[in-house]
Number of protein chains: 2
Amino acid sequence: MSNSKIISVLKDRGLKVTPQRIAVLDALYSTNEHPSAEKLIDIVRRNNPHIAKGTIYKILDFFIESGLVKKVHSAGDRMRYDAFTERHHHLYSLDTDRIEDYHDEELNAILEEYFKKRSIPHFRIEDIQLHIKGKFIE
Amino acid sequence: MSNSKIISVLKDRGLKVTPQRIAVLDALYSTNEHPSAEKLIDIVRRNNPHIAKGTIYKILDFFIESGLVKKVHSAGDRMRYDAFTERHHHLYSLDTDRIEDYHDEELNAILEEYFKKRSIPHFRIEDIQLHIKGKFIE
DNA sequence: GTCTTAAATAAGAACGAGTCTTATTTGAAA
DNA sequence: TTTCAAATAAGACTCGTTCTTATTTAAGAC
């Protein structure tokens, strides 16, 4: 994604634009592998070697509050991030730390239908995601 | 669950029975709050103050390999564990670290049906779990 | 363009959940 | 009861993440 588009993403939401935020958002949009913070720091520093580690963690938290980024639920020991905000699901490798997107409108419709007629006592649903665990075969 | 039943769980699977394993399994069966390892260590040490932290982590890994326990995918900074092995789903609080079970046969059937007719290229599914995120209201 | 200031960042120390190491103990088969 | 591979205790260590403090900066006001 071009820099000017990334700037628009921030500006349109009334968020302050900084070179560091642009770099982090660019790194997130440039990959679909749901990177860990450490991986993201690597990517960011290819073009911006001076950006501080703590800054990137702080920016990630800020993006999460702002709704630009979501944490990916996982069983690993490091947090994973996802900047693809449309409703989608994930495939989890049981062998490796690979996590891929799974997107299907029919599935979304089925889930929508199911939860429309069935409310959960004492719980207000805000988001639903399927975790599909298994093995990638090449 | 009684001690003799817990011993049976281990014996029936051909697993070595130790006081430490009994204590950890007992702690897991005594709560449905999907405890972190640290929380579990607290529970275990109420009755067995001498059991080492590393031992409990090692036992948890062993139980996971043995299929007695599953890791719960989460966005938090600590791993959570679940000894309820029937197919079920989870409710996640967006405010707190609360995670509750959600169990419904109709939902399982719907998912079964959906994935029966739709295979995912290059992926062999082994387990499917719904993450329902939202807010608990009292 | 310049000023102003709250907010953002740099640098690295600190924290803590989870892992590793080594000596000791033990479950359970023979 | 003997034997020994496996399990445990104790605590040092790792490293992903957070915190602290001084410095810099984005962007609104003038």
# chains A, B, ... in the order shown; residues from 1 in each chain; ligands from 1
call {"tool": "interface_residues", "arguments": {"of": "chain C", "to": "chain B", "cutoff": "12 Å", "atoms": "only C-alpha atoms (C1' of nucleotides)", "output": "VMD selection string"}}
result
chain C and resid 16 to 21 26 to 29
call {"tool": "select_by_dssp", "arguments": {"residues": "chain B", "states": "alpha helix (DSSP H)", "output": "PDB file with N, CA and C atoms, in the first residue's frame"}}
result
ATOM      1  N   ASN B   3      -9.715 -38.938  44.312  1.00  0.00           N
ATOM      2  CA  ASN B   3      -8.348 -39.328  43.969  1.00  0.00           C
ATOM      3  C   ASN B   3      -8.291 -40.640  43.186  1.00  0.00           C
ATOM      4  N   SER B   4      -9.141 -41.591  43.590  1.00  0.00           N
ATOM      5  CA  SER B   4      -9.057 -42.898  42.921  1.00  0.00           C
ATOM      6  C   SER B   4      -9.510 -42.783  41.462  1.00  0.00           C
ATOM      7  N   LYS B   5     -10.461 -41.877  41.204  1.00  0.00           N
ATOM      8  CA  LYS B   5     -10.889 -41.681  39.816  1.00  0.00           C
ATOM      9  C   LYS B   5      -9.786 -41.034  38.994  1.00  0.00           C
ATOM     10  N   ILE B   6      -9.093 -40.073  39.630  1.00  0.00           N
ATOM     11  CA  ILE B   6      -7.994 -39.404  38.925  1.00  0.00           C
ATOM     12  C   ILE B   6      -6.887 -40.413  38.618  1.00  0.00           C
ATOM     13  N   ILE B   7      -6.606 -41.281  39.593  1.00  0.00           N
ATOM     14  CA  ILE B   7      -5.590 -42.316  39.376  1.00  0.00           C
ATOM     15  C   ILE B   7      -5.998 -43.217  38.209  1.00  0.00           C
ATOM     16  N   SER B   8      -7.305 -43.514  38.145  1.00  0.00           N
ATOM     17  CA  SER B   8      -7.787 -44.342  37.026  1.00  0.00           C
ATOM     18  C   SER B   8      -7.567 -43.661  35.684  1.00  0.00           C
ATOM     19  N   VAL B   9      -7.825 -42.352  35.649  1.00  0.00           N
ATOM     20  CA  VAL B   9      -7.628 -41.610  34.393  1.00  0.00           C
ATOM     21  C   VAL B   9      -6.209 -41.829  33.885  1.00  0.00           C
ATOM     22  N   LEU B  10      -5.245 -41.748  34.798  1.00  0.00           N
ATOM     23  CA  LEU B  10      -3.844 -41.939  34.405  1.00  0.00           C
ATOM     24  C   LEU B  10      -3.559 -43.404  34.071  1.00  0.00           C
ATOM     25  N   LYS B  11      -3.947 -44.293  34.991  1.00  0.00           N
ATOM     26  CA  LYS B  11      -3.667 -45.736  34.811  1.00  0.00           C
ATOM     27  C   LYS B  11      -4.274 -46.266  33.518  1.00  0.00           C
ATOM     28  N   ASP B  12      -5.522 -45.874  33.253  1.00  0.00           N
ATOM     29  CA  ASP B  12      -6.214 -46.387  32.067  1.00  0.00           C
ATOM     30  C   ASP B  12      -5.490 -46.034  30.772  1.00  0.00           C
ATOM     31  N   PRO B  19       2.282 -38.443  42.725  1.00  0.00           N
ATOM     32  CA  PRO B  19       1.472 -37.501  43.526  1.00  0.00           C
ATOM     33  C   PRO B  19       1.347 -36.141  42.835  1.00  0.00           C
ATOM     34  N   GLN B  20       2.418 -35.732  42.147  1.00  0.00           N
ATOM     35  CA  GLN B  20       2.389 -34.422  41.480  1.00  0.00           C
ATOM     36  C   GLN B  20       1.383 -34.405  40.336  1.00  0.00           C
ATOM     37  N   ARG B  21       1.348 -35.481  39.555  1.00  0.00           N
ATOM     38  CA  ARG B  21       0.388 -35.547  38.444  1.00  0.00           C
ATOM     39  C   ARG B  21      -1.038 -35.572  38.959  1.00  0.00           C
ATOM     40  N   ILE B  22      -1.254 -36.324  40.053  1.00  0.00           N
ATOM     41  CA  ILE B  22      -2.598 -36.365  40.645  1.00  0.00           C
ATOM     42  C   ILE B  22      -3.023 -34.966  41.083  1.00  0.00           C
ATOM     43  N   ALA B  23      -2.089 -34.263  41.717  1.00  0.00           N
ATOM     44  CA  ALA B  23      -2.414 -32.924  42.236  1.00  0.00           C
ATOM     45  C   ALA B  23      -2.769 -31.958  41.100  1.00  0.00           C
ATOM     46  N   VAL B  24      -2.010 -32.019  39.997  1.00  0.00           N
ATOM     47  CA  VAL B  24      -2.266 -31.100  38.882  1.00  0.00           C
ATOM     48  C   VAL B  24      -3.599 -31.436  38.217  1.00  0.00           C
ATOM     49  N   LEU B  25      -3.850 -32.726  38.012  1.00  0.00           N
ATOM     50  CA  LEU B  25      -5.100 -33.125  37.372  1.00  0.00           C
ATOM     51  C   LEU B  25      -6.292 -32.771  38.257  1.00  0.00           C
ATOM     52  N   ASP B  26      -6.131 -32.977  39.552  1.00  0.00           N
ATOM     53  CA  ASP B  26      -7.184 -32.623  40.498  1.00  0.00           C
ATOM     54  C   ASP B  26      -7.485 -31.127  40.416  1.00  0.00           C
ATOM     55  N   ALA B  27      -6.436 -30.319  40.378  1.00  0.00           N
ATOM     56  CA  ALA B  27      -6.624 -28.865  40.301  1.00  0.00           C
ATOM     57  C   ALA B  27      -7.356 -28.493  39.015  1.00  0.00           C
ATOM     58  N   LEU B  28      -6.967 -29.133  37.908  1.00  0.00           N
ATOM     59  CA  LEU B  28      -7.613 -28.829  36.626  1.00  0.00           C
ATOM     60  C   LEU B  28      -9.088 -29.221  36.641  1.00  0.00           C
ATOM     61  N   TYR B  29      -9.394 -30.378  37.231  1.00  0.00           N
ATOM     62  CA  TYR B  29     -10.784 -30.834  37.243  1.00  0.00           C
ATOM     63  C   TYR B  29     -11.633 -30.038  38.229  1.00  0.00           C
ATOM     64  N   ALA B  37      -1.070 -21.213  33.999  1.00  0.00           N
ATOM     65  CA  ALA B  37      -0.173 -22.081  34.750  1.00  0.00           C
ATOM     66  C   ALA B  37       0.054 -21.526  36.157  1.00  0.00           C
ATOM     67  N   GLU B  38       0.241 -20.226  36.257  1.00  0.00           N
ATOM     68  CA  GLU B  38       0.505 -19.607  37.563  1.00  0.00           C
ATOM     69  C   GLU B  38      -0.685 -19.818  38.513  1.00  0.00           C
ATOM     70  N   LYS B  39      -1.890 -19.627  37.972  1.00  0.00           N
ATOM     71  CA  LYS B  39      -3.107 -19.839  38.768  1.00  0.00           C
ATOM     72  C   LYS B  39      -3.182 -21.290  39.238  1.00  0.00           C
ATOM     73  N   LEU B  40      -2.838 -22.189  38.344  1.00  0.00           N
ATOM     74  CA  LEU B  40      -2.873 -23.608  38.652  1.00  0.00           C
ATOM     75  C   LEU B  40      -1.855 -23.940  39.746  1.00  0.00           C
ATOM     76  N   ILE B  41      -0.695 -23.311  39.669  1.00  0.00           N
ATOM     77  CA  ILE B  41       0.334 -23.523  40.681  1.00  0.00           C
ATOM     78  C   ILE B  41      -0.199 -23.103  42.050  1.00  0.00           C
ATOM     79  N   ASP B  42      -0.917 -21.974  42.095  1.00  0.00           N
ATOM     80  CA  ASP B  42      -1.541 -21.538  43.348  1.00  0.00           C
ATOM     81  C   ASP B  42      -2.462 -22.616  43.892  1.00  0.00           C
ATOM     82  N   ILE B  43      -3.354 -23.121  43.006  1.00  0.00           N
ATOM     83  CA  ILE B  43      -4.357 -24.102  43.431  1.00  0.00           C
ATOM     84  C   ILE B  43      -3.664 -25.371  43.936  1.00  0.00           C
ATOM     85  N   VAL B  44      -2.707 -25.861  43.152  1.00  0.00           N
ATOM     86  CA  VAL B  44      -1.996 -27.093  43.512  1.00  0.00           C
ATOM     87  C   VAL B  44      -1.312 -26.940  44.869  1.00  0.00           C
ATOM     88  N   ARG B  45      -0.702 -25.778  45.092  1.00  0.00           N
ATOM     89  CA  ARG B  45       0.106 -25.583  46.308  1.00  0.00           C
ATOM     90  C   ARG B  45      -0.716 -25.383  47.571  1.00  0.00           C
ATOM     91  N   ARG B  46      -2.028 -25.167  47.411  1.00  0.00           N
ATOM     92  CA  ARG B  46      -2.874 -25.100  48.609  1.00  0.00           C
ATOM     93  C   ARG B  46      -2.764 -26.401  49.392  1.00  0.00           C
ATOM     94  N   ASN B  47      -2.725 -27.513  48.669  1.00  0.00           N
ATOM     95  CA  ASN B  47      -2.634 -28.829  49.319  1.00  0.00           C
ATOM     96  C   ASN B  47      -1.242 -29.428  49.253  1.00  0.00           C
ATOM     97  N   LYS B  53       7.531 -25.381  40.621  1.00  0.00           N
ATOM     98  CA  LYS B  53       6.932 -24.693  39.476  1.00  0.00           C
ATOM     99  C   LYS B  53       7.256 -25.415  38.164  1.00  0.00           C
ATOM    100  N   GLY B  54       8.525 -25.709  37.968  1.00  0.00           N
ATOM    101  CA  GLY B  54       8.955 -26.375  36.739  1.00  0.00           C
ATOM    102  C   GLY B  54       8.284 -27.719  36.537  1.00  0.00           C
ATOM    103  N   THR B  55       8.058 -28.421  37.625  1.00  0.00           N
ATOM    104  CA  THR B  55       7.370 -29.714  37.563  1.00  0.00           C
ATOM    105  C   THR B  55       5.966 -29.540  37.012  1.00  0.00           C
ATOM    106  N   ILE B  56       5.275 -28.508  37.464  1.00  0.00           N
ATOM    107  CA  ILE B  56       3.899 -28.295  37.026  1.00  0.00           C
ATOM    108  C   ILE B  56       3.867 -27.936  35.541  1.00  0.00           C
ATOM    109  N   TYR B  57       4.771 -27.095  35.097  1.00  0.00           N
ATOM    110  CA  TYR B  57       4.859 -26.794  33.655  1.00  0.00           C
ATOM    111  C   TYR B  57       5.134 -28.069  32.862  1.00  0.00           C
ATOM    112  N   LYS B  58       6.039 -28.909  33.395  1.00  0.00           N
ATOM    113  CA  LYS B  58       6.406 -30.135  32.695  1.00  0.00           C
ATOM    114  C   LYS B  58       5.213 -31.093  32.627  1.00  0.00           C
ATOM    115  N   ILE B  59       4.493 -31.189  33.724  1.00  0.00           N
ATOM    116  CA  ILE B  59       3.318 -32.063  33.769  1.00  0.00           C
ATOM    117  C   ILE B  59       2.248 -31.561  32.793  1.00  0.00           C
ATOM    118  N   LEU B  60       2.050 -30.253  32.732  1.00  0.00           N
ATOM    119  CA  LEU B  60       1.063 -29.710  31.796  1.00  0.00           C
ATOM    120  C   LEU B  60       1.434 -30.080  30.358  1.00  0.00           C
ATOM    121  N   ASP B  61       2.704 -29.922  30.003  1.00  0.00           N
ATOM    122  CA  ASP B  61       3.135 -30.304  28.653  1.00  0.00           C
ATOM    123  C   ASP B  61       2.882 -31.789  28.401  1.00  0.00           C
ATOM    124  N   PHE B  62       3.185 -32.575  29.420  1.00  0.00           N
ATOM    125  CA  PHE B  62       2.982 -34.025  29.303  1.00  0.00           C
ATOM    126  C   PHE B  62       1.496 -34.359  29.112  1.00  0.00           C
ATOM    127  N   PHE B  63       0.635 -33.711  29.862  1.00  0.00           N
ATOM    128  CA  PHE B  63      -0.806 -33.951  29.724  1.00  0.00           C
ATOM    129  C   PHE B  63      -1.300 -33.535  28.340  1.00  0.00           C
ATOM    130  N   ILE B  64      -0.735 -32.473  27.800  1.00  0.00           N
ATOM    131  CA  ILE B  64      -1.136 -32.030  26.460  1.00  0.00           C
ATOM    132  C   ILE B  64      -0.747 -33.085  25.424  1.00  0.00           C
ATOM    133  N   GLU B  65       0.484 -33.578  25.513  1.00  0.00           N
ATOM    134  CA  GLU B  65       0.918 -34.664  24.624  1.00  0.00           C
ATOM    135  C   GLU B  65       0.008 -35.882  24.761  1.00  0.00           C
ATOM    136  N   SER B  66      -0.408 -36.151  25.981  1.00  0.00           N
ATOM    137  CA  SER B  66      -1.235 -37.327  26.254  1.00  0.00           C
ATOM    138  C   SER B  66      -2.697 -37.116  25.895  1.00  0.00           C
ATOM    139  N   GLU B 105     -24.807 -28.817  20.870  1.00  0.00           N
ATOM    140  CA  GLU B 105     -24.721 -29.893  19.877  1.00  0.00           C
ATOM    141  C   GLU B 105     -25.163 -29.440  18.504  1.00  0.00           C
ATOM    142  N   GLU B 106     -26.179 -28.547  18.478  1.00  0.00           N
ATOM    143  CA  GLU B 106     -26.673 -28.082  17.182  1.00  0.00           C
ATOM    144  C   GLU B 106     -25.571 -27.335  16.434  1.00  0.00           C
ATOM    145  N   LEU B 107     -24.829 -26.504  17.171  1.00  0.00           N
ATOM    146  CA  LEU B 107     -23.721 -25.767  16.560  1.00  0.00           C
ATOM    147  C   LEU B 107     -22.677 -26.738  16.017  1.00  0.00           C
ATOM    148  N   ASN B 108     -22.341 -27.749  16.824  1.00  0.00           N
ATOM    149  CA  ASN B 108     -21.374 -28.750  16.363  1.00  0.00           C
ATOM    150  C   ASN B 108     -21.854 -29.406  15.076  1.00  0.00           C
ATOM    151  N   ALA B 109     -23.147 -29.717  15.022  1.00  0.00           N
ATOM    152  CA  ALA B 109     -23.708 -30.373  13.838  1.00  0.00           C
ATOM    153  C   ALA B 109     -23.625 -29.460  12.621  1.00  0.00           C
ATOM    154  N   ILE B 110     -23.937 -28.183  12.827  1.00  0.00           N
ATOM    155  CA  ILE B 110     -23.875 -27.214  11.724  1.00  0.00           C
ATOM    156  C   ILE B 110     -22.457 -27.129  11.170  1.00  0.00           C
ATOM    157  N   LEU B 111     -21.487 -27.067  12.057  1.00  0.00           N
ATOM    158  CA  LEU B 111     -20.097 -26.958  11.620  1.00  0.00           C
ATOM    159  C   LEU B 111     -19.652 -28.235  10.903  1.00  0.00           C
ATOM    160  N   GLU B 112     -20.042 -29.356  11.483  1.00  0.00           N
ATOM    161  CA  GLU B 112     -19.748 -30.667  10.875  1.00  0.00           C
ATOM    162  C   GLU B 112     -20.257 -30.696   9.433  1.00  0.00           C
ATOM    163  N   GLU B 113     -21.525 -30.312   9.304  1.00  0.00           N
ATOM    164  CA  GLU B 113     -22.199 -30.293   8.004  1.00  0.00           C
ATOM    165  C   GLU B 113     -21.464 -29.388   7.018  1.00  0.00           C
ATOM    166  N   TYR B 114     -21.135 -28.192   7.480  1.00  0.00           N
ATOM    167  CA  TYR B 114     -20.460 -27.219   6.607  1.00  0.00           C
ATOM    168  C   TYR B 114     -19.130 -27.757   6.104  1.00  0.00           C
ATOM    169  N   PHE B 115     -18.341 -28.337   7.009  1.00  0.00           N
ATOM    170  CA  PHE B 115     -16.994 -28.763   6.600  1.00  0.00           C
ATOM    171  C   PHE B 115     -16.994 -30.112   5.893  1.00  0.00           C
ATOM    172  N   LYS B 116     -18.120 -30.858   6.001  1.00  0.00           N
ATOM    173  CA  LYS B 116     -18.191 -32.134   5.291  1.00  0.00           C
ATOM    174  C   LYS B 116     -18.155 -31.888   3.790  1.00  0.00           C
TER     175      LYS B 116
END
call {"tool": "interface_residues", "arguments": {"of": "chain D", "to": "chain B", "cutoff": "12 Å", "atoms": "only C-alpha atoms (C1' of nucleotides)", "output": "PyMOL selection string"}}
result
chain D and resi 6-11+16-18
call {"tool": "select_by_dssp", "arguments": {"residues": "segment 9-136 of chain A", "states": "strand (DSSP E)", "output": "ChimeraX atom specification"}}
result
/A:70-72,80-82,89-93,99-102,123-136
call {"tool": "residues_around", "arguments": {"residues": "Phe123 of chain B", "least_positions_apart": "4", "cutoff": "7 Å", "atoms": "only C-alpha atoms (C1' of nucleotides)", "output": "PyMOL selection string"}}
result
chain A and resi 134-137
call {"tool": "interface_residues", "arguments": {"of": "chain A", "to": "chain B", "cutoff": "6 Å", "atoms": "only C-alpha atoms", "output": "PDB file with N, CA, C and O atoms, in the first residue's frame"}}
result
ATOM      1  N   HIS A  73      -5.761 -14.561  18.553  1.00  0.00           N
ATOM      2  CA  HIS A  73      -5.718 -15.568  19.627  1.00  0.00           C
ATOM      3  C   HIS A  73      -4.826 -16.718  19.190  1.00  0.00           C
ATOM      4  O   HIS A  73      -5.000 -17.256  18.099  1.00  0.00           O
ATOM      5  N   SER A  74      -3.882 -17.106  20.027  1.00  0.00           N
ATOM      6  CA  SER A  74      -3.057 -18.255  19.674  1.00  0.00           C
ATOM      7  C   SER A  74      -2.550 -18.969  20.914  1.00  0.00           C
ATOM      8  O   SER A  74      -2.703 -18.482  22.028  1.00  0.00           O
ATOM      9  N   ALA A  75      -1.955 -20.138  20.682  1.00  0.00           N
ATOM     10  CA  ALA A  75      -1.444 -20.939  21.793  1.00  0.00           C
ATOM     11  C   ALA A  75       0.051 -20.740  21.945  1.00  0.00           C
ATOM     12  O   ALA A  75       0.677 -21.352  22.782  1.00  0.00           O
ATOM     13  N   HIS A 122     -26.510 -13.529  29.640  1.00  0.00           N
ATOM     14  CA  HIS A 122     -25.454 -12.754  30.312  1.00  0.00           C
ATOM     15  C   HIS A 122     -24.229 -12.517  29.444  1.00  0.00           C
ATOM     16  O   HIS A 122     -23.121 -12.380  29.964  1.00  0.00           O
ATOM     17  N   PHE A 123     -24.419 -12.494  28.141  1.00  0.00           N
ATOM     18  CA  PHE A 123     -23.260 -12.262  27.266  1.00  0.00           C
ATOM     19  C   PHE A 123     -23.688 -11.509  26.020  1.00  0.00           C
ATOM     20  O   PHE A 123     -24.658 -11.893  25.366  1.00  0.00           O
ATOM     21  N   ARG A 124     -22.990 -10.420  25.705  1.00  0.00           N
ATOM     22  CA  ARG A 124     -23.271  -9.670  24.492  1.00  0.00           C
ATOM     23  C   ARG A 124     -22.159  -9.939  23.484  1.00  0.00           C
ATOM     24  O   ARG A 124     -21.007  -9.575  23.689  1.00  0.00           O
ATOM     25  N   ILE A 125     -22.508 -10.613  22.408  1.00  0.00           N
ATOM     26  CA  ILE A 125     -21.532 -11.009  21.395  1.00  0.00           C
ATOM     27  C   ILE A 125     -21.062  -9.791  20.604  1.00  0.00           C
ATOM     28  O   ILE A 125     -21.877  -8.977  20.173  1.00  0.00           O
ATOM     29  N   GLU A 126     -19.771  -9.669  20.408  1.00  0.00           N
ATOM     30  CA  GLU A 126     -19.251  -8.583  19.575  1.00  0.00           C
ATOM     31  C   GLU A 126     -18.476  -9.100  18.358  1.00  0.00           C
ATOM     32  O   GLU A 126     -18.337  -8.395  17.370  1.00  0.00           O
ATOM     33  N   ASP A 127     -17.958 -10.306  18.478  1.00  0.00           N
ATOM     34  CA  ASP A 127     -17.172 -10.836  17.356  1.00  0.00           C
ATOM     35  C   ASP A 127     -17.121 -12.360  17.451  1.00  0.00           C
ATOM     36  O   ASP A 127     -17.071 -12.908  18.538  1.00  0.00           O
ATOM     37  N   ILE A 128     -17.148 -13.009  16.307  1.00  0.00           N
ATOM     38  CA  ILE A 128     -17.110 -14.463  16.270  1.00  0.00           C
ATOM     39  C   ILE A 128     -16.053 -14.906  15.283  1.00  0.00           C
ATOM     40  O   ILE A 128     -15.998 -14.409  14.158  1.00  0.00           O
ATOM     41  N   GLN A 129     -15.222 -15.827  15.718  1.00  0.00           N
ATOM     42  CA  GLN A 129     -14.140 -16.280  14.843  1.00  0.00           C
ATOM     43  C   GLN A 129     -13.953 -17.772  14.994  1.00  0.00           C
ATOM     44  O   GLN A 129     -13.940 -18.299  16.113  1.00  0.00           O
ATOM     45  N   LEU A 130     -13.765 -18.436  13.867  1.00  0.00           N
ATOM     46  CA  LEU A 130     -13.542 -19.871  13.891  1.00  0.00           C
ATOM     47  C   LEU A 130     -12.039 -20.144  13.894  1.00  0.00           C
ATOM     48  O   LEU A 130     -11.289 -19.529  13.138  1.00  0.00           O
ATOM     49  N   HIS A 131     -11.623 -21.036  14.782  1.00  0.00           N
ATOM     50  CA  HIS A 131     -10.238 -21.507  14.780  1.00  0.00           C
ATOM     51  C   HIS A 131     -10.224 -22.904  14.210  1.00  0.00           C
ATOM     52  O   HIS A 131     -10.780 -23.822  14.811  1.00  0.00           O
ATOM     53  N   ILE A 132      -9.601 -23.053  13.056  1.00  0.00           N
ATOM     54  CA  ILE A 132      -9.540 -24.339  12.390  1.00  0.00           C
ATOM     55  C   ILE A 132      -8.116 -24.856  12.548  1.00  0.00           C
ATOM     56  O   ILE A 132      -7.181 -24.290  11.984  1.00  0.00           O
ATOM     57  N   LYS A 133      -7.978 -25.880  13.383  1.00  0.00           N
ATOM     58  CA  LYS A 133      -6.630 -26.386  13.669  1.00  0.00           C
ATOM     59  C   LYS A 133      -6.371 -27.658  12.889  1.00  0.00           C
ATOM     60  O   LYS A 133      -7.268 -28.489  12.735  1.00  0.00           O
ATOM     61  N   GLY A 134      -5.147 -27.809  12.402  1.00  0.00           N
ATOM     62  CA  GLY A 134      -4.816 -29.011  11.652  1.00  0.00           C
ATOM     63  C   GLY A 134      -3.418 -28.928  11.092  1.00  0.00           C
ATOM     64  O   GLY A 134      -2.540 -28.297  11.683  1.00  0.00           O
ATOM     65  N   LYS A 135      -3.249 -29.561   9.930  1.00  0.00           N
ATOM     66  CA  LYS A 135      -1.915 -29.571   9.342  1.00  0.00           C
ATOM     67  C   LYS A 135      -1.930 -29.103   7.899  1.00  0.00           C
ATOM     68  O   LYS A 135      -2.781 -29.536   7.112  1.00  0.00           O
ATOM     69  N   PHE A 136      -1.001 -28.233   7.561  1.00  0.00           N
ATOM     70  CA  PHE A 136      -0.822 -27.810   6.176  1.00  0.00           C
ATOM     71  C   PHE A 136      -0.089 -28.924   5.438  1.00  0.00           C
ATOM     72  O   PHE A 136       0.922 -29.442   5.925  1.00  0.00           O
ATOM     73  N   ILE A 137      -0.622 -29.315   4.276  1.00  0.00           N
ATOM     74  CA  ILE A 137       0.037 -30.334   3.472  1.00  0.00           C
ATOM     75  C   ILE A 137       0.392 -29.746   2.121  1.00  0.00           C
ATOM     76  O   ILE A 137      -0.431 -29.112   1.458  1.00  0.00           O
ATOM     77  N   GLU A 138       1.649 -29.932   1.738  1.00  0.00           N
ATOM     78  CA  GLU A 138       2.126 -29.245   0.508  1.00  0.00           C
ATOM     79  C   GLU A 138       1.899 -30.107  -0.731  1.00  0.00           C
ATOM     80  O   GLU A 138       1.871 -31.297  -0.674  1.00  0.00           O
TER      81      GLU A 138
END
call {"tool": "atom_distance", "arguments": {"atom1": "atom C1' of DA14 of chain C", "atom2": "atom C1' of DT20 of chain D"}}
result
9.2 Å
call {"tool": "atom_distance", "arguments": {"atom1": "atom CA of Asp101 of chain A", "atom2": "atom CA of Ser30 of chain A"}}
result
14.7 Å
call {"tool": "residues_around", "arguments": {"residues": "DC30 of chain D", "least_positions_apart": "5", "cutoff": "12 Å", "atoms": "only C-alpha atoms (C1' of nucleotides)", "output": "list in words"}}
result
DG1, DT2, DC3 and DT4 of chain C
call {"tool": "atom_distance", "arguments": {"atom1": "atom CA of Ser119 of chain B", "atom2": "atom CA of Asp82 of chain A"}}
result
24.3 Å
